[in-house]
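Undergrad: Following this line is run39.cif, made up of mmCIF, C-alpha atoms:
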```cif
data_target
#
loop_
_atom_site.label_atom_id
_atom_site.label_comp_id
_atom_site.auth_asym_id
_atom_site.auth_seq_id
_atom_site.Cartn_x
_atom_site.Cartn_y
_atom_site.Cartn_z
CA MET A 1 0.00 0.00 0.00
CA THR A 2 1.37 3.41 -0.93
CA HIS A 3 1.41 6.35 1.46
CA ALA A 4 -1.30 8.15 -0.50
CA ALA A 5 -3.51 5.05 -0.59
CA SER A 6 -3.21 4.58 3.18
CA VAL A 7 -4.30 8.20 3.68
CA VAL A 8 -7.29 7.79 1.37
CA VAL A 9 -8.36 4.55 3.04
CA GLY A 10 -7.86 6.03 6.53
CA TYR A 11 -9.91 9.15 5.86
CA ALA A 12 -12.62 7.21 4.03
CA LEU A 13 -12.97 4.66 6.82
CA THR A 14 -13.10 7.38 9.47
CA ALA A 15 -15.77 9.34 7.62
CA ALA A 16 -17.80 6.20 6.94
CA ALA A 17 -17.66 5.01 10.54
CA VAL A 18 -18.65 8.36 12.04
CA LEU A 19 -21.46 8.87 9.51
CA ALA A 20 -22.77 5.33 10.03
CA TYR A 21 -22.82 5.77 13.78
CA ALA A 22 -24.50 9.19 13.56
CA ALA A 23 -27.13 7.80 11.17
CA ARG A 24 -27.80 4.89 13.50
CA VAL A 25 -28.30 7.25 16.44
CA VAL A 26 -30.67 9.49 14.46
CA ARG A 27 -32.68 6.52 13.13
CA ARG A 28 -33.03 5.08 16.61
CA GLY A 29 -34.18 8.44 17.96
CA ARG A 30 -36.72 8.81 15.18
CA SER A 31 -38.03 5.30 15.68
CA LEU A 32 -38.36 5.68 19.45
CA GLY A 33 -39.90 9.12 19.16
CA ARG A 34 -42.56 7.79 16.82
CA SER A 35 -43.33 4.68 18.84
CA LEU A 36 -43.73 6.80 21.95
CA GLY A 37 -45.89 9.29 20.10
CA ILE A 38 -43.66 12.18 21.11
CA SER A 39 -41.79 12.88 17.94
CA GLY A 40 -40.85 16.47 17.25
CA THR A 41 -42.59 16.79 13.92
CA GLY A 42 -45.18 19.17 15.21
CA ARG A 43 -47.78 16.56 14.33
CA ASN A 44 -47.85 14.94 17.72
CA GLY A 45 -51.44 13.88 17.54
CA ASP A 46 -50.99 11.93 14.33
CA ASP A 47 -47.76 10.41 15.46
CA ALA A 48 -49.10 9.51 18.85
CA GLU A 49 -52.12 7.85 17.32
CA HIS A 50 -49.99 5.95 14.86
CA GLY A 51 -47.56 4.94 17.56
CA ARG A 52 -50.33 3.46 19.65
CA GLU A 53 -52.09 1.58 16.90
CA ASP A 54 -50.38 -1.69 17.58
CA ARG A 55 -50.98 -1.50 21.28
CA SER A 56 -54.30 -3.21 21.32
CA GLY A 57 -56.52 -2.57 24.24
CA SER A 58 -54.54 0.38 25.47
CA ASP A 59 -56.45 3.38 26.62
CA ALA A 60 -55.70 6.79 27.94
CA SER A 61 -55.81 5.66 31.54
CA ARG A 62 -52.96 3.24 30.88
CA THR A 63 -50.81 5.65 28.98
CA PRO A 64 -47.96 6.78 31.18
CA PRO A 65 -48.23 10.42 32.20
CA GLY A 66 -46.64 12.76 29.75
CA ILE A 67 -46.80 10.35 26.82
CA GLU A 68 -49.63 11.75 24.82
CA HIS A 69 -52.22 9.42 23.50
CA GLY A 70 -54.24 9.74 20.37
CA ARG A 71 -56.61 12.68 20.33
CA ASP A 72 -55.41 13.97 23.67
CA ALA A 73 -52.03 14.46 22.17
CA ALA A 74 -53.41 16.67 19.43
CA SER A 75 -54.82 19.06 21.98
CA ALA A 76 -51.68 18.88 24.08
CA ALA A 77 -49.35 19.73 21.23
CA PRO A 78 -48.14 23.29 21.49
CA MET B 1 -42.09 4.26 38.28
CA ILE B 2 -43.00 6.53 35.40
CA GLU B 3 -41.34 9.84 35.01
CA THR B 4 -42.84 12.34 32.63
CA PRO B 5 -40.81 13.03 29.49
CA GLU B 6 -38.55 15.97 30.00
CA PRO B 7 -40.47 18.81 28.33
CA ASP B 8 -37.34 20.40 26.94
CA LEU B 9 -36.83 17.44 24.59
CA ARG B 10 -40.20 17.98 22.94
CA GLN B 11 -39.94 21.75 22.86
CA GLN B 12 -36.45 21.72 21.46
CA ALA B 13 -37.35 19.22 18.77
CA GLN B 14 -40.43 21.17 17.74
CA ARG B 15 -38.60 24.47 17.60
CA ALA B 16 -36.06 22.87 15.29
CA GLY B 17 -38.74 21.13 13.24
CA SER B 18 -36.79 17.97 13.96
CA LEU B 19 -38.01 14.62 12.78
CA THR B 20 -35.86 12.77 15.22
CA MET B 21 -36.98 13.93 18.65
CA THR B 22 -33.32 14.24 19.52
CA GLY B 23 -32.68 17.44 17.59
CA SER B 24 -32.86 20.99 18.86
CA VAL B 25 -31.85 24.43 17.66
CA ALA B 26 -28.56 24.05 19.50
CA THR B 27 -27.76 20.67 17.92
CA ARG B 28 -28.64 22.02 14.48
CA VAL B 29 -26.23 24.91 14.91
CA LEU B 30 -23.63 22.51 16.30
CA GLY B 31 -24.21 20.21 13.33
CA VAL B 32 -23.66 22.99 10.81
CA VAL B 33 -20.51 24.09 12.66
CA ALA B 34 -19.27 20.49 12.73
CA ILE B 35 -19.81 19.95 9.01
CA ALA B 36 -18.10 23.23 8.13
CA ALA B 37 -15.22 22.41 10.49
CA VAL B 38 -14.77 19.00 8.86
CA GLY B 39 -14.59 20.66 5.43
CA VAL B 40 -11.89 23.08 6.59
CA MET B 41 -10.05 20.25 8.32
CA ALA B 42 -9.97 18.22 5.12
CA LEU B 43 -8.44 21.21 3.31
CA LEU B 44 -5.83 21.77 5.98
CA ALA B 45 -4.94 18.12 6.48
CA LEU B 46 -4.96 16.95 2.85
CA TRP B 47 -3.75 20.01 0.94
CA ILE B 48 -2.34 22.86 2.99
CA SER B 49 -0.28 20.94 5.54
CA PRO B 50 2.95 19.72 3.92
CA ALA B 51 4.07 16.12 3.54
CA ASP B 52 6.67 14.99 6.06
CA ALA B 53 10.32 14.77 5.00
CA VAL B 54 10.58 11.21 6.29
CA GLN B 55 7.02 9.87 6.44
CA GLY B 56 5.79 11.49 3.25
CA ASP B 57 2.03 11.76 2.82
CA SER B 58 1.30 9.15 5.47
CA VAL B 59 1.86 11.85 8.09
CA ARG B 60 -1.62 13.09 7.15
CA LEU B 61 -3.05 10.09 8.98
CA MET B 62 -1.82 11.75 12.18
CA TYR B 63 -4.55 14.39 11.80
CA ILE B 64 -7.22 11.77 12.33
CA HIS B 65 -5.31 9.20 14.38
CA VAL B 66 -4.18 11.51 17.20
CA PRO B 67 -7.43 13.52 17.58
CA SER B 68 -9.37 10.23 17.61
CA ILE B 69 -7.57 8.98 20.68
CA TRP B 70 -7.77 12.37 22.36
CA VAL B 71 -11.53 12.40 21.90
CA ALA B 72 -11.67 8.81 23.13
CA TYR B 73 -9.67 9.78 26.23
CA GLY B 74 -12.11 12.63 26.83
CA GLY B 75 -15.08 10.28 26.44
CA PHE B 76 -13.67 7.79 28.91
CA VAL B 77 -12.76 10.46 31.46
CA LEU B 78 -16.29 11.84 31.18
CA THR B 79 -17.66 8.32 31.62
CA ALA B 80 -15.63 7.90 34.80
CA PHE B 81 -16.69 11.27 36.18
CA ALA B 82 -20.36 10.65 35.40
CA SER B 83 -20.12 7.16 36.90
CA ALA B 84 -18.69 8.55 40.12
CA ARG B 85 -21.67 10.93 40.26
CA VAL B 86 -24.05 8.01 39.68
CA LEU B 87 -22.51 6.03 42.53
CA TRP B 88 -22.65 9.04 44.81
CA ARG B 89 -26.26 9.88 44.03
CA THR B 90 -27.50 6.30 44.31
CA ARG B 91 -25.62 5.35 47.48
CA SER B 92 -27.62 3.80 50.30
CA GLY B 93 -29.81 6.38 51.89
CA ALA B 94 -29.55 8.75 48.93
CA GLY B 95 -31.43 6.93 46.22
CA GLY B 96 -33.14 4.01 47.88
CA THR B 97 -31.72 0.53 48.09
CA TYR B 98 -33.17 -1.26 45.10
CA GLY B 99 -35.42 -0.84 42.08
CA VAL B 100 -35.38 2.06 39.68
CA ILE B 101 -33.29 5.14 40.14
CA ALA B 102 -35.45 7.70 41.87
CA ASP B 103 -32.96 10.49 41.55
CA ARG B 104 -33.26 12.39 38.29
CA HIS B 105 -29.67 13.62 38.41
CA ALA B 106 -28.38 10.08 38.78
CA ARG B 107 -30.31 9.07 35.67
CA ARG B 108 -28.85 11.97 33.75
CA TRP B 109 -25.30 11.11 34.79
CA ASP B 110 -25.91 7.50 33.86
CA ARG B 111 -26.96 8.58 30.36
CA VAL B 112 -23.92 10.84 30.07
CA ALA B 113 -21.70 7.88 31.02
CA GLY B 114 -23.35 5.62 28.43
CA ALA B 115 -23.20 8.14 25.59
CA ALA B 116 -19.60 9.16 26.31
CA ALA B 117 -18.41 5.56 26.54
CA GLU B 118 -19.96 4.69 23.17
CA LEU B 119 -18.20 7.60 21.53
CA GLY B 120 -14.99 6.62 23.28
CA VAL B 121 -15.24 3.11 21.85
CA LEU B 122 -15.97 4.43 18.36
CA PHE B 123 -12.98 6.75 18.38
CA THR B 124 -10.68 4.14 19.94
CA ALA B 125 -11.60 1.80 17.10
CA LEU B 126 -10.77 4.54 14.60
CA THR B 127 -7.46 5.11 16.38
CA LEU B 128 -6.58 1.44 16.04
CA VAL B 129 -7.56 1.27 12.36
CA THR B 130 -5.79 4.45 11.28
CA GLY B 131 -2.76 3.50 13.37
CA SER B 132 -2.61 0.12 11.63
CA LEU B 133 -2.72 1.78 8.22
CA TRP B 134 0.07 4.12 9.24
CA GLY B 135 2.06 1.22 10.68
CA ARG B 136 1.77 -0.72 7.44
CA VAL B 137 3.45 1.99 5.37
CA THR B 138 5.90 3.11 8.06
CA TRP B 139 6.82 -0.04 10.00
CA GLY B 140 5.94 -2.52 7.27
CA THR B 141 3.31 -4.25 9.41
CA TYR B 142 -0.30 -3.60 10.43
CA TRP B 143 0.21 -4.80 13.98
CA GLN B 144 2.86 -5.30 16.62
CA TRP B 145 2.31 -6.43 20.21
CA ASP B 146 3.93 -3.22 21.32
CA ALA B 147 3.08 -1.75 24.75
CA ARG B 148 1.11 1.21 23.35
CA LEU B 149 -0.83 -0.90 20.86
CA THR B 150 -1.54 -3.68 23.33
CA THR B 151 -2.76 -1.38 26.09
CA THR B 152 -4.93 0.51 23.57
CA VAL B 153 -6.59 -2.65 22.33
CA LEU B 154 -7.13 -3.66 25.96
CA LEU B 155 -8.78 -0.29 26.56
CA PHE B 156 -11.03 -0.88 23.56
CA VAL B 157 -12.05 -4.38 24.69
CA THR B 158 -12.64 -3.23 28.28
CA TYR B 159 -15.06 -0.53 27.21
CA LEU B 160 -16.79 -2.91 24.82
CA GLY B 161 -17.37 -5.01 27.94
CA TYR B 162 -18.67 -1.93 29.73
CA LEU B 163 -21.20 -1.30 26.95
CA ALA B 164 -22.24 -4.97 27.05
CA LEU B 165 -22.74 -4.70 30.82
CA ARG B 166 -25.01 -1.72 30.33
CA ARG B 167 -27.22 -3.81 28.06
CA LEU B 168 -27.72 -6.67 30.51
CA PRO B 169 -31.30 -6.65 31.76
CA ALA B 170 -31.62 -5.48 35.35
CA GLU B 171 -33.38 -2.92 37.47
CA SER B 172 -32.14 0.48 36.47
CA ARG B 173 -30.43 1.26 39.77
CA ALA B 174 -28.49 -2.00 39.85
CA ARG B 175 -27.56 -1.65 36.20
CA ALA B 176 -26.37 1.91 36.64
CA ARG B 177 -24.35 1.13 39.75
CA ARG B 178 -22.57 -1.92 38.42
CA SER B 179 -21.80 -0.14 35.13
CA ALA B 180 -20.45 2.78 37.11
CA VAL B 181 -18.14 0.51 39.11
CA MET B 182 -16.84 -1.03 35.91
CA ALA B 183 -16.27 2.40 34.37
CA LEU B 184 -14.17 3.42 37.36
CA ILE B 185 -12.11 0.24 37.05
CA ALA B 186 -11.71 0.59 33.28
CA VAL B 187 -10.46 4.16 33.44
CA VAL B 188 -7.37 3.00 35.37
CA ASN B 189 -5.99 1.79 32.03
CA LEU B 190 -6.11 5.27 30.55
CA PRO B 191 -2.89 6.67 32.08
CA ILE B 192 -1.22 3.32 31.37
CA VAL B 193 -2.08 3.71 27.67
CA HIS B 194 -0.94 7.31 27.59
CA TYR B 195 2.37 6.82 29.42
CA SER B 196 3.15 3.39 27.97
CA VAL B 197 5.52 5.00 25.45
CA ASP B 198 7.46 6.58 28.32
CA TRP B 199 7.40 3.63 30.71
CA TRP B 200 8.40 0.91 28.23
CA ARG B 201 10.60 0.73 25.18
CA THR B 202 8.10 0.73 22.35
CA LEU B 203 7.95 0.76 18.59
CA HIS B 204 5.30 3.45 18.81
CA GLN B 205 6.80 6.91 18.94
CA GLU B 206 6.43 9.21 21.94
CA ALA B 207 3.53 11.62 22.39
CA SER B 208 2.97 13.86 19.35
CA LEU B 209 2.47 16.90 21.53
CA ASN B 210 4.15 17.51 24.84
CA LEU B 211 1.70 19.67 26.72
CA GLU B 212 3.77 19.92 29.86
CA PRO B 213 5.13 23.42 30.61
CA GLY B 214 8.51 23.83 28.99
CA GLY B 215 8.15 20.54 27.13
CA ASP B 216 9.62 20.15 23.66
CA ARG B 217 7.27 20.27 20.71
CA ASN B 218 7.78 17.35 18.41
CA ILE B 219 5.94 19.13 15.62
CA THR B 220 5.71 22.77 14.68
CA GLY B 221 4.30 25.16 12.10
CA GLU B 222 1.42 24.14 9.85
CA MET B 223 1.49 20.55 11.09
CA TYR B 224 1.12 21.72 14.68
CA TRP B 225 -1.83 24.01 13.97
CA THR B 226 -3.51 21.48 11.69
CA LEU B 227 -3.28 18.88 14.45
CA LEU B 228 -4.79 21.25 17.01
CA TYR B 229 -7.53 22.25 14.58
CA SER B 230 -8.30 18.61 13.81
CA TRP B 231 -8.62 17.90 17.52
CA ALA B 232 -11.09 20.80 17.90
CA THR B 233 -13.07 19.49 14.90
CA PHE B 234 -13.25 15.96 16.26
CA THR B 235 -14.38 17.35 19.61
CA VAL B 236 -17.24 19.30 18.01
CA VAL B 237 -18.32 16.27 15.96
CA ALA B 238 -18.22 14.02 19.04
CA LEU B 239 -20.18 16.56 21.07
CA TRP B 240 -22.82 16.79 18.37
CA ILE B 241 -23.33 13.04 18.12
CA GLY B 242 -23.02 12.65 21.88
CA ILE B 243 -25.91 15.02 22.58
CA HIS B 244 -28.14 13.05 20.19
CA ARG B 245 -27.05 9.76 21.77
CA TYR B 246 -27.82 11.10 25.24
CA ARG B 247 -31.34 12.01 24.13
CA VAL B 248 -31.81 8.61 22.49
CA LEU B 249 -30.89 6.98 25.80
CA ARG B 250 -33.60 9.09 27.42
CA LEU B 251 -36.12 7.88 24.85
CA GLU B 252 -35.02 4.27 25.39
CA GLU B 253 -35.72 4.67 29.11
CA LEU B 254 -39.17 6.06 28.36
CA ALA B 255 -39.93 3.21 25.97
CA GLU B 256 -38.83 0.68 28.56
CA GLU B 257 -40.99 2.27 31.24
CA ALA B 258 -43.98 2.54 28.92
CA SER B 259 -43.77 -1.11 27.94
CA LEU B 260 -43.45 -2.13 31.60
CA GLU B 261 -46.53 -0.10 32.48
CA GLU B 262 -48.42 -1.70 29.65
CA LEU B 263 -47.49 -5.18 30.79
CA LEU B 264 -48.58 -4.38 34.34
CA ALA B 265 -51.90 -3.02 33.09
CA GLN B 266 -52.40 -6.15 30.99
CA ARG B 267 -51.75 -8.32 34.02
CA ARG B 268 -54.25 -6.31 36.08
CA ASP B 269 -56.86 -6.75 33.34
CA GLU B 270 -56.27 -10.49 33.26
CA GLN B 271 -56.65 -10.69 37.02
CA ALA B 272 -59.84 -8.63 36.93
CA ALA B 273 -61.27 -10.81 34.13
CA GLY B 274 -60.45 -13.97 36.09
CA ARG B 275 -62.52 -12.94 39.08
#
```
For this file, produce the structure as structure tokens.

TA:
Amino acid sequence: MTHAASVVVGYALTAAAVLAYAARVVRRGRSLGRSLGISGTGRNGDDAEHGREDRSGSDASRTPPGIEHGRDAASAAP
Amino acid sequence: MIETPEPDLRQQAQRAGSLTMTGSVATRVLGVVAIAAVGVMALLALWISPADAVQGDSVRLMYIHVPSIWVAYGGFVLTAFASARVLWRTRSGAGGTYGVIADRHARRWDRVAGAAAELGVLFTALTLVTGSLWGRVTWGTYWQWDARLTTTVLLFVTYLGYLALRRLPAESRARARRSAVMALIAVVNLPIVHYSVDWWRTLHQEASLNLEPGGDRNITGEMYWTLLYSWATFTVVALWIGIHRYRVLRLEELAEEASLEELLAQRRDEQAAGR
């Protein structure tokens, strides 16, 4: 491997690793935010409703405080 | 125990129009600064800074290799500091004796420790990879069981173990405390890694920068300033990702608590239906 090639490989690997990690963190945050119905899209009601769809039988009384649920979330969104 | 989501997370994300729930105006600004800094760093490191008389172009690897380990050191020191705070705030009589962590500050320090350790592991891995590439063209080999290299790989493996320990299922207080103890043990290796080149005869050269008062500079001029600038850039990038990771850890806690509450409610329903 030449000196120049080692530099290219080193910089490329560093950039790829940092970008991959950052993307993973952002994706995880987005996924959790949506599933909790508290994503920062400004459409909390929709997101909250969507996030709760697969939680059959859940109702507002079971939803932990502060995690908006369905229609309540829409009114709670600033 | 359910704790309400910290309102600042939601407000910050909404102000920034973030899709991720981990973004805020501050992280957006930091992100733009980080990207711009990386662009300038690439210019300095790949074009403006000269090739070394002996090492040639491979010296440019120093601008990512050295800042990587400095950022990793910073991450591990922060992990140790945060872990000490966790142990202090969850000691007997201060945060209960078992179960979840009641103290909000202890939870925050625990998240800081987790996020910083992950970044430390990432940047230690990058240090090892870029160092191997440099070793191949300079020493003629990717790896030597040299004191600096061996202690660094030990550091990497130890903190991988720390991250694995954090993932083991347990009540949050027990998990935080045992992780904190491990972090305080793991950090002992840090000065050994750093001073290994002074304590033992090694293939790895001595520290690139001697920061002690009156110490000799091993590098000067454009190389010196490029190295310092690269370190600042890596720090900003790590800070940016670290803030997002911290907020993701918060969301993970909320998800865990929400699913636990749901399971408990389901069990109560089953019991009520059985009567």

Undergrad: Given 6 Å on each side, where is the centre and what are the edge lengths in Å to one decimal of the axis-aligned box enclosing the listed atoms of segment 192-208 of chain B, as JSON?

TA:
```
{"center_x": 4.3, "center_y": 7.3, "center_z": 25.0, "size_x": 24.7, "size_y": 25.1, "size_z": 24.8}
```

Undergrad: So that I can see what lies close to Tyr63 of chain B, please list as a PyMOL selection string the residues with an atom at most 7 Å from it, counting all atoms listed in the file and leaving out residues fewer than 2 positions away in the same chain.

TA: chain B and resi 45+60-61+65-67+227+230

Undergrad: Please measure the separation of atom CA of Val153 of chain B and atom CA of His194 of chain B, giving the value in Å to one decimal.

TA: 12.6 Å

Undergrad: Using only C-alpha atoms, pick whichever of B:His244, B:Arg250, B:Arg111, B:Arg268 has the shortest atom-to-atom distance to Val26 of chain A.

TA: B:His244

Undergrad: Give me, please, the distance in Å between atom CA of Glu206 of chain B and atom CA of Asn218 of chain B, quoted to one decimal.

TA: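 According to the coordinates, atom CA of Glu206 of chain B and atom CA of Asn218 of chain B are separated by 9.0 Å.
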
Undergrad: Could you write out as a ChimeraX atom specification the residues that the PyMOL selection byres ((chain A and resi 19-22) around 12) matches in the shown file?

TA: /A:12-18,23-29 /B:22,31,35,118-119,121-123,237-245,248

Undergrad: For atom CA of Ser132 of chain B and atom CA of Asp57 of chain B, determine how far apart the two atoms are, in Å to one decimal place.

TA: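 One can read the atom CA of Ser132 of chain B to atom CA of Asp57 of chain B distance as 15.3 Å.
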
Undergrad: Once the PyMOL selection byres ((chain B and resi 52) around 12) has been applied to the shown file, what residues remain in the selection, as an MDAnalysis selection string?

TA: (chainID A and resid 3) or (chainID B and resid 49:51 53:62 219:220 222:223)
